[in-house]
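This is protein_2.pdb. It holds PDB, C-alpha atoms and all ligand atoms.
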ATOM      1  CA  MET A 136      89.154 122.664 103.741
ATOM      2  CA  PRO A 137      87.454 124.512 100.867
ATOM      3  CA  THR A 138      87.276 122.397  97.712
ATOM      4  CA  LEU A 139      86.456 123.854  94.314
ATOM      5  CA  THR A 140      84.716 121.544  91.874
ATOM      6  CA  LEU A 141      84.987 122.109  88.173
ATOM      7  CA  ARG A 142      84.024 120.489  84.912
ATOM      8  CA  THR A 143      86.476 120.676  82.032
ATOM      9  CA  SER A 144      85.178 120.655  78.470
ATOM     10  CA  ARG A 145      88.192 119.620  76.357
ATOM     11  CA  ARG A 146      91.048 117.105  76.564
ATOM     12  CA  GLU A 147      93.486 119.957  77.200
ATOM     13  CA  GLU A 148      92.633 123.384  78.521
ATOM     14  CA  PHE A 149      93.600 125.938  81.122
ATOM     15  CA  LEU A 150      90.855 127.319  83.380
ATOM     16  CA  ASP A 151      91.424 130.571  85.268
ATOM     17  CA  LEU A 152      90.664 129.808  88.931
ATOM     18  CA  THR A 153      91.678 133.250  90.198
ATOM     19  CA  PRO A 154      88.151 134.661  90.814
ATOM     20  CA  ARG A 155      87.056 131.594  92.801
ATOM     21  CA  VAL A 156      90.259 131.475  94.852
ATOM     22  CA  ALA A 157      90.134 135.243  95.431
ATOM     23  CA  ALA A 158      86.550 134.890  96.736
ATOM     24  CA  LEU A 159      87.686 132.362  99.360
ATOM     25  CA  VAL A 160      90.538 134.647 100.401
ATOM     26  CA  ALA A 161      88.205 137.659 100.618
ATOM     27  CA  GLU A 162      85.778 135.657 102.761
ATOM     28  CA  ALA A 163      88.580 134.697 105.162
ATOM     29  CA  GLY A 164      90.211 138.159 105.215
ATOM     30  CA  GLY A 165      93.517 138.977 106.847
ATOM     31  CA  ALA A 166      96.956 137.862 105.727
ATOM     32  CA  GLY A 167      98.600 134.524 105.070
ATOM     33  CA  LEU A 168      99.476 132.000 102.430
ATOM     34  CA  CYS A 169      96.930 130.542 100.010
ATOM     35  CA  HIS A 170      97.900 127.051  98.949
ATOM     36  CA  VAL A 171      96.086 125.602  95.925
ATOM     37  CA  PHE A 172      96.424 121.844  95.444
ATOM     38  CA  VAL A 173      95.226 119.535  92.660
ATOM     39  CA  PRO A 174      94.536 115.936  93.824
ATOM     40  CA  HIS A 175      94.837 114.438  90.327
ATOM     41  CA  THR A 176      97.629 112.885  88.243
ATOM     42  CA  THR A 177      96.676 114.189  84.796
ATOM     43  CA  ALA A 178      95.898 117.798  85.728
ATOM     44  CA  GLY A 179      98.094 120.482  87.272
ATOM     45  CA  ILE A 180      98.314 124.064  88.459
ATOM     46  CA  THR A 181     100.364 126.952  87.174
ATOM     47  CA  ILE A 182     100.514 130.714  87.470
ATOM     48  CA  ASN A 183     100.890 132.746  84.303
ATOM     49  CA  GLU A 184      99.528 135.615  82.239
ATOM     50  CA  ASN A 185      95.796 136.153  81.824
ATOM     51  CA  ALA A 186      95.864 139.401  79.842
ATOM     52  CA  ASP A 187      96.663 137.885  76.440
ATOM     53  CA  PRO A 188      94.931 134.534  75.750
ATOM     54  CA  SER A 189      97.759 133.752  73.308
ATOM     55  CA  VAL A 190     100.027 132.992  76.265
ATOM     56  CA  VAL A 191      97.884 130.027  77.354
ATOM     57  CA  ARG A 192      97.518 128.904  73.740
ATOM     58  CA  ASP A 193     101.306 129.057  73.292
ATOM     59  CA  LEU A 194     101.944 127.185  76.568
ATOM     60  CA  LEU A 195      99.653 124.354  75.488
ATOM     61  CA  ALA A 196     101.212 124.232  72.013
ATOM     62  CA  ALA A 197     104.732 124.091  73.504
ATOM     63  CA  LEU A 198     103.720 121.325  75.943
ATOM     64  CA  ARG A 199     102.355 119.299  73.006
ATOM     65  CA  ARG A 200     105.683 119.696  71.187
ATOM     66  CA  LEU A 201     107.657 118.734  74.301
ATOM     67  CA  VAL A 202     105.418 115.783  75.159
ATOM     68  CA  PRO A 203     103.875 114.167  72.065
ATOM     69  CA  ALA A 204     100.676 112.163  72.589
ATOM     70  CA  ASP A 205     102.191 109.108  70.880
ATOM     71  CA  GLY A 206     105.642 108.882  72.448
ATOM     72  CA  ASP A 207     107.581 105.799  73.566
ATOM     73  CA  TYR A 208     105.304 105.059  76.516
ATOM     74  CA  THR A 209     104.363 101.808  78.254
ATOM     75  CA  HIS A 210     101.583 103.040  80.603
ATOM     76  CA  ALA A 211      98.593 100.839  79.692
ATOM     77  CA  GLU A 212      95.981 103.562  80.214
ATOM     78  CA  GLY A 213      97.350 105.333  77.136
ATOM     79  CA  ASN A 214      97.497 108.803  78.654
ATOM     80  CA  SER A 215     101.185 109.075  79.550
ATOM     81  CA  ASP A 216     101.438 112.448  77.829
ATOM     82  CA  ALA A 217      98.818 113.794  80.244
ATOM     83  CA  HIS A 218     100.741 112.491  83.275
ATOM     84  CA  LEU A 219     103.974 114.047  81.980
ATOM     85  CA  LYS A 220     102.395 117.417  81.197
ATOM     86  CA  ALA A 221     100.786 117.500  84.659
ATOM     87  CA  SER A 222     104.146 116.834  86.320
ATOM     88  CA  LEU A 223     105.761 119.593  84.255
ATOM     89  CA  MET A 224     103.166 122.081  85.534
ATOM     90  CA  GLY A 225     103.169 120.730  89.101
ATOM     91  CA  PHE A 226     100.286 119.982  91.446
ATOM     92  CA  SER A 227     100.230 123.029  93.693
ATOM     93  CA  ALA A 228     100.833 126.751  93.824
ATOM     94  CA  SER A 229     101.091 129.113  96.778
ATOM     95  CA  VAL A 230     100.210 132.798  96.720
ATOM     96  CA  PRO A 231     100.614 135.161  99.689
ATOM     97  CA  TYR A 232      97.552 137.221 100.599
ATOM     98  CA  GLN A 233      97.192 140.491 102.489
ATOM     99  CA  ASP A 234      94.047 142.289 103.689
ATOM    100  CA  GLY A 235      91.926 139.518 102.176
ATOM    101  CA  ARG A 236      93.442 139.924  98.717
ATOM    102  CA  LEU A 237      95.791 137.696  96.742
ATOM    103  CA  THR A 238      99.099 139.449  96.078
ATOM    104  CA  LEU A 239      99.380 138.178  92.495
ATOM    105  CA  GLY A 240     101.279 140.330  90.024
ATOM    106  CA  THR A 241      99.291 142.538  87.679
ATOM    107  CA  TRP A 242      99.304 140.022  84.831
ATOM    108  CA  GLN A 243      99.191 136.821  86.858
ATOM    109  CA  ALA A 244      96.359 134.311  87.129
ATOM    110  CA  ILE A 245      96.098 130.895  88.786
ATOM    111  CA  TYR A 246      95.351 128.298  86.127
ATOM    112  CA  PHE A 247      93.950 124.804  86.483
ATOM    113  CA  CYS A 248      95.650 122.790  83.722
ATOM    114  CA  GLU A 249      93.576 119.955  82.260
ATOM    115  CA  PHE A 250      95.473 117.370  80.218
ATOM    116  CA  ASP A 251      93.049 114.434  80.089
ATOM    117  CA  GLY A 252      89.556 115.876  79.979
ATOM    118  CA  PRO A 253      86.781 116.433  79.690
ATOM    119  CA  ARG A 254      85.925 115.335  83.209
ATOM    120  CA  SER A 255      84.982 116.496  86.700
ATOM    121  CA  ARG A 256      87.865 117.773  88.796
ATOM    122  CA  GLU A 257      88.581 119.088  92.286
ATOM    123  CA  VAL A 258      90.955 121.714  93.593
ATOM    124  CA  ARG A 259      91.699 122.071  97.314
ATOM    125  CA  VAL A 260      92.381 125.510  98.699
ATOM    126  CA  GLN A 261      94.105 125.806 102.069
ATOM    127  CA  LEU A 262      94.460 129.226 103.664
ATOM    128  CA  ILE A 263      97.285 129.388 106.186
ATOM    129  CA  SER A 264      96.702 132.458 108.329
ATOM    130  CA  ALA A 265      99.728 134.563 109.265
ATOM    131  CA  ARG A 266      98.107 135.614 112.557
TER     132      ARG A 266
HETATM  133 ZN    ZN B 301      97.141 107.106  83.238
END
Here is the file; what I need is its structure written in the form of structure tokens.
Amino acid sequence: MPTLTLRTSRREEFLDLTPRVAALVAEAGGAGLCHVFVPHTTAGITINENADPSVVRDLLAALRRLVPADGDYTHAEGNSDAHLKASLMGFSASVPYQDGRLTLGTWQAIYFCEFDGPRSREVRVQLISAR
């Protein structure tokens, strides 16, 4: 299974994975379902707008308001906010593809969501052929 490796540079950031995922889909060709999975507990995946960078900035700001860093947590590692934010985003996304191209909407991108960086991360990409 193809695995993307990435290095995040801040505690919290969204990285646009769309070009790397699209390259795997183009290499495979044909039609099917592209499943993107994050094997971590403090990072997630979401699909949202990539045209205006303010959207990602606003998403992160809203997540910080929803899940404060210093809430009533008992998790000894001290990063409960990161676990909660990751669960809110979810750990996978699926996008249909056709003729070797993702069928994302015009403004959509696939984002890796870091909540406890910087660190090295992996993303697994499974292409399920419709043949
Ligand atoms: Zn933890």
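Atom to atom, atom CA of Phe247 of chain A and atom CA of Arg200 of chain A stand 19.9 Å apart.
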- Message: Can you work out which residues are within 6 Å of ligand ZN 301 (chain B), considering only C-alpha atoms and all ligand atoms, and then hand them over as a ChimeraX atom specification?
- Response: /A:212,214-215
Keeping C-alpha atoms for every residue in the selection just given, could you write it to a file as a PDB file, in the coordinates of the input?
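Output saved as selection-v4.pdb:
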ATOM      1  CA  GLU A 212      95.981 103.562  80.214  1.00  0.00           C
ATOM      2  CA  ASN A 214      97.497 108.803  78.654  1.00  0.00           C
ATOM      3  CA  SER A 215     101.185 109.075  79.550  1.00  0.00           C
TER       4      SER A 215
END
- Message: Assuming the chain letters and numbering stay as they are in my file, what does the PyMOL selection byres (((chain A and resi 258) around 6) and not hetatm) actually select? List them as a ChimeraX atom specification.
- Response: /A:138-139,172-173,257,259
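Comparing A:Ala178, A:Ala186, A:Leu239, A:Ala265 by their smallest distance to Leu141 of chain A, the closest is A:Ala178 (using only C-alpha atoms).
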Residues of segment 234-260 of chain A that approach segment 147-154 of chain A to 9 Å or less, counting only C-alpha atoms: could you list each one with the shortest pair of atoms and its distance in Å to one decimal, rows by chain and increasing residue number, as a Markdown table?
| residue | atom | partner | partner_atom | distance |
| --- | --- | --- | --- | --- |
| A:Leu237 | CA | A:Thr153 | CA | 8.9 |
| A:Gln243 | CA | A:Thr153 | CA | 9.0 |
| A:Ala244 | CA | A:Thr153 | CA | 5.7 |
| A:Ile245 | CA | A:Thr153 | CA | 5.2 |
| A:Tyr246 | CA | A:Asp151 | CA | 4.6 |
| A:Phe247 | CA | A:Leu150 | CA | 5.1 |
| A:Cys248 | CA | A:Phe149 | CA | 4.6 |
| A:Glu249 | CA | A:Glu147 | CA | 5.1 |
| A:Phe250 | CA | A:Glu147 | CA | 4.4 |
| A:Asp251 | CA | A:Glu147 | CA | 6.2 |
| A:Gly252 | CA | A:Glu147 | CA | 6.3 |
| A:Pro253 | CA | A:Glu147 | CA | 8.0 |
- Go through the shown structure with the PyMOL selection byres (((chain A and resi 179) around 6) and not hetatm) and write out the matching residues as a VMD selection string. chain A and resid 178 180 221 224 to 226 248
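Considering the residues A:Glu184, A:Trp242, A:Val156, A:Thr176 and counting all atoms listed in the file, Ala217 of chain A has its shortest atom-to-atom contact with A:Thr176.
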- Task: Return as number ranges by chain the set of residues that the PyMOL selection byres (((chain A and resi 204) around 8) and not hetatm) yields on the displayed structure.
- Result: A: 199, 202-203, 205-206, 214-216
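Atom CA of Leu262 of chain A is positioned 27.1 Å from atom CA of His218 of chain A.
Of the listed residues (A:Leu223, A:Leu198, A:Met136, A:Val190), A:Met136 comes nearest to Cys169 of chain A; the distances count only C-alpha atoms.
Going from atom CA of Gly164 of chain A over to atom CA of Tyr232 of chain A, you cover 8.7 Å.
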Using only the atoms of segment 239-243 of chain A listed in the file, plus 3 Å on each side, state the axis-aligned box centre and edge lengths in Å rounded to one decimal, as lines of an AutoDock Vina configuration file.
center_x = 100.2
center_y = 139.7
center_z = 88.7
size_x = 8.1
size_y = 11.7
size_z = 13.7
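Proximity ranking of A:Leu195, A:Ala211, A:Ile263, A:Val230 relative to Ile182 of chain A places A:Val230 first, based on all atoms listed in the file.
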